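Read the structure below first, then the notes.
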Amino acid sequence: MVPAEPTLIDFVDPATVAGLSIRTMTEGDSSGEARYVHINYPELPAAPPLNRALQAQARRQLQDFRKRTGGRLYPRPELNIGWQLAAASAQAIGVRLRTGESVTASWGNSTQTLWYDPRTGKAVGSTGLLAGQDALRRLAALVRERLKGRGEQVERTAVTADGDQFDSMAFNRAGDLVVEFDDCQIGPCSLGRLAVAVPAEEAAPLLSDLGRRAQASVRGATGAGVRDDESGPPPYVSAPPQDVSASSPAAVSTHAGTVDCAKAKCVALTFDDGPGPFTSRLLDMLWETRARATFFPVGSSAAAQPELLRRMSAEGHLVGNHSWVHRDLSKQASSKIADSLGRTEDTIAAVIGQAPTLVRPPYGAVSGELRDVARQHGFSLVTWNVDTGDEQGGKTADIADRVVREAHPGAIILMHDTQRETVDAVPDILKRLRGKGYSFVTVPELYGSAGMQAGRLYRSGSEPSRKQPLT
């Protein structure tokens, strides 16, 4: 028997948390932008102070990243922030933010865990789990002791009672207190994730009232620990059986074939980065007007809100694949690309019973490796030729005017269901384009009997697929 790695954290499946939604901040889809940014964080109806704290933290990190990457750089700098639930109970809620960024060629990771106390209604950092500064000093000593034997590269003396070093703490199922350090924080960047598990009995005297309740809510959980990297299984749900997507039929719209785009004026509305807090209202609008769209959800968000994916599929829309965490796939090796797309494919297939065959590359960035992986795994790549410029919001009227002005037969229109202004613009877009004789179809319907081929890149239905290169 191989003992479990004690620093693995059992994250809560967010699909089990009633009312949870996901907020998203994105930059980089528009060609004029200097950086790639994708930030996700949860919004929980029972914890408004925590929601505000998460929003403030996301904005601080974005502003800092913008300052550090103000000039035009190549390759484009990238910031990616995802999240997991370290706990979610009436006793304590913990949200772990996992940040990855590259400013040059290297990629670095850091973590920060914020906690919410339902009894006091306050959001605190990870040191809020401890009973004051003396407890923090004693914890630092325990961590230094447990770092012995990790090798000379680990700088144990760098571990001090500094709140910035102890900004990511949570509990494993045994109740041990897991302290995580950022890449490069107490050793060379090549060491990757460094974490220490302080045994529950040693941690207990150091905990605050919130810390004790958080420990109790996690202790004895029956979930499975996960690796903290992007090559492991999904971070908060059990990985679907590996043959889920292989045994599922290809995803198609239930209304495919009802419009002949060789004769009708067709456009494809496509929505990226969701599901989000406005997706349900968007689906209501599309249902009322009998319009169809293509959705490209991020895999981690799809796993958190499966009921919205089921609605998309059941109501005649098409569900595609937008990678697991919205990293720029064009900078990644084939194995990483295949893992990100395959994990998302399996998750969606497990929810809707169909395997997505369309992939929208994050930021529209495509490489030879991505095309090769797409061809090998049966994916068609879809970008766009009408950009609404809505990824950071904007004025609703401007978004609608831009779509109506630039729409043409065969257009693939980029939109984001994570933005309130975009969803507000949809009724006007539908009304005005219908007045011009347009029909709203899913992307494959633009290509009719010619279909879409694996490994090809599709930007518009007005570009014949036979002219699209394979590589």
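Letters A, B, ... go to the chains of the structure tokens in the order shown; residues in each chain start at 1; ligands are counted from 1 in the same order.
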Interface rows for range 362-455 of chain A against range 72-94 of chain A: nearest pair, Å to one decimal, 12 Å, only C-alpha atoms, as a Markdown table:
```
| residue | atom | partner | partner_atom | distance |
| --- | --- | --- | --- | --- |
| A:Pro362 | CA | A:Asn80 | CA | 11.5 |
| A:Tyr363 | CA | A:Glu78 | CA | 10.8 |
| A:Ala365 | CA | A:Arg76 | CA | 10.9 |
```
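Every protein, DNA or RNA residue with an atom at most 8 Å from Lys122 in chain A, where only C-alpha atoms count and chain neighbours fewer than 6 positions away do not, is listed here: Pro49, Leu50 and Tyr116 of chain A.
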Next, write the just-selected residues to a file, as a PDB file, in the first residue's frame, keeping N, CA, C and O atoms as the atom set.
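Produced file selection-v6.pdb, reproduced below:
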```pdb
ATOM      1  N   PRO A  49     -19.667  38.912   1.207  1.00  0.00           N
ATOM      2  CA  PRO A  49     -18.349  39.494   1.522  1.00  0.00           C
ATOM      3  C   PRO A  49     -17.198  38.734   0.870  1.00  0.00           C
ATOM      4  O   PRO A  49     -16.201  39.332   0.450  1.00  0.00           O
ATOM      5  N   LEU A  50     -17.322  37.414   0.787  1.00  0.00           N
ATOM      6  CA  LEU A  50     -16.301  36.618   0.120  1.00  0.00           C
ATOM      7  C   LEU A  50     -16.271  36.937  -1.370  1.00  0.00           C
ATOM      8  O   LEU A  50     -15.196  37.054  -1.977  1.00  0.00           O
ATOM      9  N   TYR A 116     -14.096  32.277   4.339  1.00  0.00           N
ATOM     10  CA  TYR A 116     -15.287  33.020   4.765  1.00  0.00           C
ATOM     11  C   TYR A 116     -15.872  32.345   5.988  1.00  0.00           C
ATOM     12  O   TYR A 116     -16.049  31.109   6.017  1.00  0.00           O
TER      13      TYR A 116
END
```
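Atom pair CA of Leu147 in chain A / CA of Gln57 in chain A: separated by 29.3 Å.
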Can you write out as a tab-separated table which residues of range 348-423 of chain A fall within 12 Å of range 304-324 of chain A, alongside each residue's closest atom pair and its distance in Å to one decimal, counting only C-alpha atoms and ordering rows by chain and ascending residue number?
```
residue	atom	partner	partner_atom	distance
A:Ile348	CA	A:Leu309	CA	7.8
A:Ala349	CA	A:Val319	CA	9.8
A:Ala350	CA	A:Pro306	CA	9.5
A:Val351	CA	A:Pro306	CA	6.3
A:Ile352	CA	A:Arg310	CA	5.6
A:Gly353	CA	A:Arg310	CA	9.2
A:Gln354	CA	A:Val319	CA	8.9
A:Ala355	CA	A:Gly320	CA	8.6
A:Pro356	CA	A:Gly320	CA	5.0
A:Thr357	CA	A:Gly320	CA	6.6
A:Leu358	CA	A:Gly320	CA	5.0
A:Val359	CA	A:Asn321	CA	4.7
A:Arg360	CA	A:His322	CA	5.2
A:Pro361	CA	A:His322	CA	6.1
A:Pro362	CA	A:His322	CA	6.4
A:Tyr363	CA	A:His322	CA	9.8
A:Gly364	CA	A:His322	CA	10.1
A:Ala365	CA	A:His322	CA	11.7
A:Leu370	CA	A:Ser323	CA	11.6
A:Ala374	CA	A:Asn321	CA	11.4
A:Phe379	CA	A:Asn321	CA	9.2
A:Ser380	CA	A:Gly320	CA	10.0
A:Leu381	CA	A:Asn321	CA	9.6
A:Val382	CA	A:Gly320	CA	9.5
A:Thr383	CA	A:His322	CA	10.9
A:Asp417	CA	A:Leu308	CA	11.9
```
Writer output for current selection, N, CA, C and O atoms, as a tab-separated table (two decimals), in the first residue's frame:
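Contents of the output file out09.tsv:
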```
chain	number	residue	atom	x	y	z
A	348	ILE	N	-17.73	17.21	-20.87
A	348	ILE	CA	-18.95	17.59	-21.58
A	348	ILE	C	-19.73	16.35	-22.01
A	348	ILE	O	-20.97	16.30	-21.88
A	349	ALA	N	-19.03	15.34	-22.51
A	349	ALA	CA	-19.71	14.12	-22.94
A	349	ALA	C	-20.42	13.44	-21.78
A	349	ALA	O	-21.52	12.90	-21.94
A	350	ALA	N	-19.80	13.48	-20.60
A	350	ALA	CA	-20.44	12.86	-19.43
A	350	ALA	C	-21.70	13.59	-19.02
A	350	ALA	O	-22.62	13.00	-18.45
A	351	VAL	N	-21.78	14.91	-19.34
A	351	VAL	CA	-22.94	15.71	-18.95
A	351	VAL	C	-24.06	15.62	-19.96
A	351	VAL	O	-25.23	15.40	-19.61
A	352	ILE	N	-23.76	15.77	-21.26
A	352	ILE	CA	-24.82	15.85	-22.28
A	352	ILE	C	-24.97	14.58	-23.11
A	352	ILE	O	-25.89	14.48	-23.92
A	353	GLY	N	-24.06	13.62	-22.92
A	353	GLY	CA	-24.17	12.37	-23.67
A	353	GLY	C	-23.68	12.49	-25.10
A	353	GLY	O	-23.86	11.55	-25.89
A	354	GLN	N	-23.05	13.59	-25.47
A	354	GLN	CA	-22.49	13.79	-26.80
A	354	GLN	C	-21.09	14.36	-26.66
A	354	GLN	O	-20.83	15.18	-25.78
A	355	ALA	N	-20.20	13.95	-27.54
A	355	ALA	CA	-18.83	14.43	-27.50
A	355	ALA	C	-18.64	15.62	-28.44
A	355	ALA	O	-18.96	15.52	-29.63
A	356	PRO	N	-18.18	16.75	-27.93
A	356	PRO	CA	-17.99	17.91	-28.81
A	356	PRO	C	-16.89	17.66	-29.83
A	356	PRO	O	-15.85	17.09	-29.50
A	357	THR	N	-17.10	18.08	-31.05
A	357	THR	CA	-16.10	17.92	-32.11
A	357	THR	C	-15.54	19.25	-32.58
A	357	THR	O	-14.61	19.26	-33.38
A	358	LEU	N	-16.10	20.36	-32.10
A	358	LEU	CA	-15.59	21.67	-32.46
A	358	LEU	C	-14.75	22.22	-31.31
A	358	LEU	O	-15.15	22.15	-30.15
A	359	VAL	N	-13.61	22.80	-31.62
A	359	VAL	CA	-12.73	23.41	-30.64
A	359	VAL	C	-12.52	24.86	-31.02
A	359	VAL	O	-12.15	25.17	-32.16
A	360	ARG	N	-12.77	25.75	-30.08
A	360	ARG	CA	-12.37	27.14	-30.25
A	360	ARG	C	-11.11	27.36	-29.44
A	360	ARG	O	-11.13	27.32	-28.20
A	361	PRO	N	-9.97	27.59	-30.09
A	361	PRO	CA	-8.73	27.79	-29.34
A	361	PRO	C	-8.82	29.07	-28.50
A	361	PRO	O	-9.28	30.11	-29.00
A	362	PRO	N	-8.41	29.03	-27.25
A	362	PRO	CA	-8.39	30.26	-26.46
A	362	PRO	C	-7.62	31.37	-27.18
A	362	PRO	O	-6.55	31.13	-27.74
A	363	TYR	N	-8.21	32.55	-27.20
A	363	TYR	CA	-7.66	33.74	-27.85
A	363	TYR	C	-7.56	33.59	-29.37
A	363	TYR	O	-6.99	34.45	-30.03
A	364	GLY	N	-8.10	32.50	-29.91
A	364	GLY	CA	-8.00	32.27	-31.34
A	364	GLY	C	-6.59	31.92	-31.79
A	364	GLY	O	-6.29	31.97	-32.99
A	365	ALA	N	-5.71	31.56	-30.85
A	365	ALA	CA	-4.30	31.30	-31.15
A	365	ALA	C	-4.12	29.85	-31.59
A	365	ALA	O	-4.49	28.93	-30.87
A	370	LEU	N	-1.20	22.30	-32.35
A	370	LEU	CA	-2.64	22.27	-32.09
A	370	LEU	C	-3.38	21.65	-33.26
A	370	LEU	O	-4.28	20.83	-33.08
A	374	ALA	N	-5.61	18.28	-33.13
A	374	ALA	CA	-7.01	18.33	-33.56
A	374	ALA	C	-7.29	17.27	-34.62
A	374	ALA	O	-8.32	16.58	-34.56
A	379	PHE	N	-11.02	16.78	-34.01
A	379	PHE	CA	-11.57	18.10	-33.73
A	379	PHE	C	-11.40	19.02	-34.92
A	379	PHE	O	-10.35	19.05	-35.56
A	380	SER	N	-12.43	19.81	-35.20
A	380	SER	CA	-12.33	20.93	-36.14
A	380	SER	C	-12.10	22.20	-35.34
A	380	SER	O	-12.71	22.40	-34.29
A	381	LEU	N	-11.23	23.06	-35.82
A	381	LEU	CA	-10.90	24.31	-35.13
A	381	LEU	C	-11.75	25.44	-35.69
A	381	LEU	O	-11.85	25.61	-36.91
A	382	VAL	N	-12.34	26.22	-34.80
A	382	VAL	CA	-13.25	27.29	-35.19
A	382	VAL	C	-12.81	28.60	-34.55
A	382	VAL	O	-12.70	28.68	-33.33
A	383	THR	N	-12.54	29.61	-35.37
A	383	THR	CA	-12.30	30.94	-34.82
A	383	THR	C	-13.50	31.83	-35.19
A	383	THR	O	-14.63	31.45	-34.95
A	417	ASP	N	-20.88	34.97	-23.28
A	417	ASP	CA	-22.05	34.91	-22.40
A	417	ASP	C	-21.68	35.18	-20.95
A	417	ASP	O	-22.53	35.11	-20.06
```
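Taking CA of His326 in chain A as the reference point, CA of Pro427 in chain A is found at 28.0 Å.
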Problem set entry | Two-atom distance - CA of Ala262 in chain A, CA of Asp401 in chain A (Å) | 26.0 Å
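Among the candidates A:Ser208, A:Ser190, A:Asn109, A:Thr26, the residue lying nearest to Gly274 in chain A is A:Thr26 (atoms considered: only C-alpha atoms).
For the choices A:Leu177, A:Val103, A:Arg146, A:Arg434, the atom-to-atom distance to Thr127 in chain A is smallest for A:Leu177 when using only C-alpha atoms.
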For this session: Give the strand (DSSP E or B) residues of range 334-456 of chain A, as assigned by DSSP on the backbone, as number ranges by chain.
Result: A: 355, 358-359, 380-382, 386-387, 412-416, 438-440
Problem set entry | Contact residues around range 142-145 of chain A with only C-alpha atoms at 10 Å, ignoring same-chain residues under 2 positions, as a ChimeraX atom specification | /A:136-140,147-149,154-160,178-179,195-199,202-203
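Between Ala246 in chain A and the residues A:Arg371, A:His377, A:Arg213, A:Arg150, the shortest atom-to-atom distance, using only C-alpha atoms, involves A:His377.
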Seminar exercise, completed: For Met415 in chain A, the closest of A:Asp273, A:Arg290, A:Gly435, A:Met452 counting only C-alpha atoms is A:Asp273
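With only C-alpha atoms as the atoms that count, the residue of A:Leu20, A:Leu283, A:Val373, A:Ala58 with the shortest distance to Asp339 in chain A is A:Val373.
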Exercise. DSSP says helix (DSSP H, G or I) for which residues of range 208-404 of chain A? Put them as a PyMOL selection string?
Worked result: chain A and resi 209-218+279-289+299-304+306-314+329-331+334-352+362-364+368-377+396-404
For this session: Identify, on the basis of only C-alpha atoms, every residue whose closest approach to Gln392 in chain A does not exceed 8 Å; exclude the query and any residue fewer than 4 positions from it along the same chain; express the result as a PyMOL selection string.
Result: chain A and resi 25-27+419
Problem set entry | Residues near Phe181 in chain A, cut-off 9 Å, only C-alpha atoms, skip fewer than 3 positions along chain, as a PyMOL selection string | chain A and resi 110-111+165-168+184-186+193-196
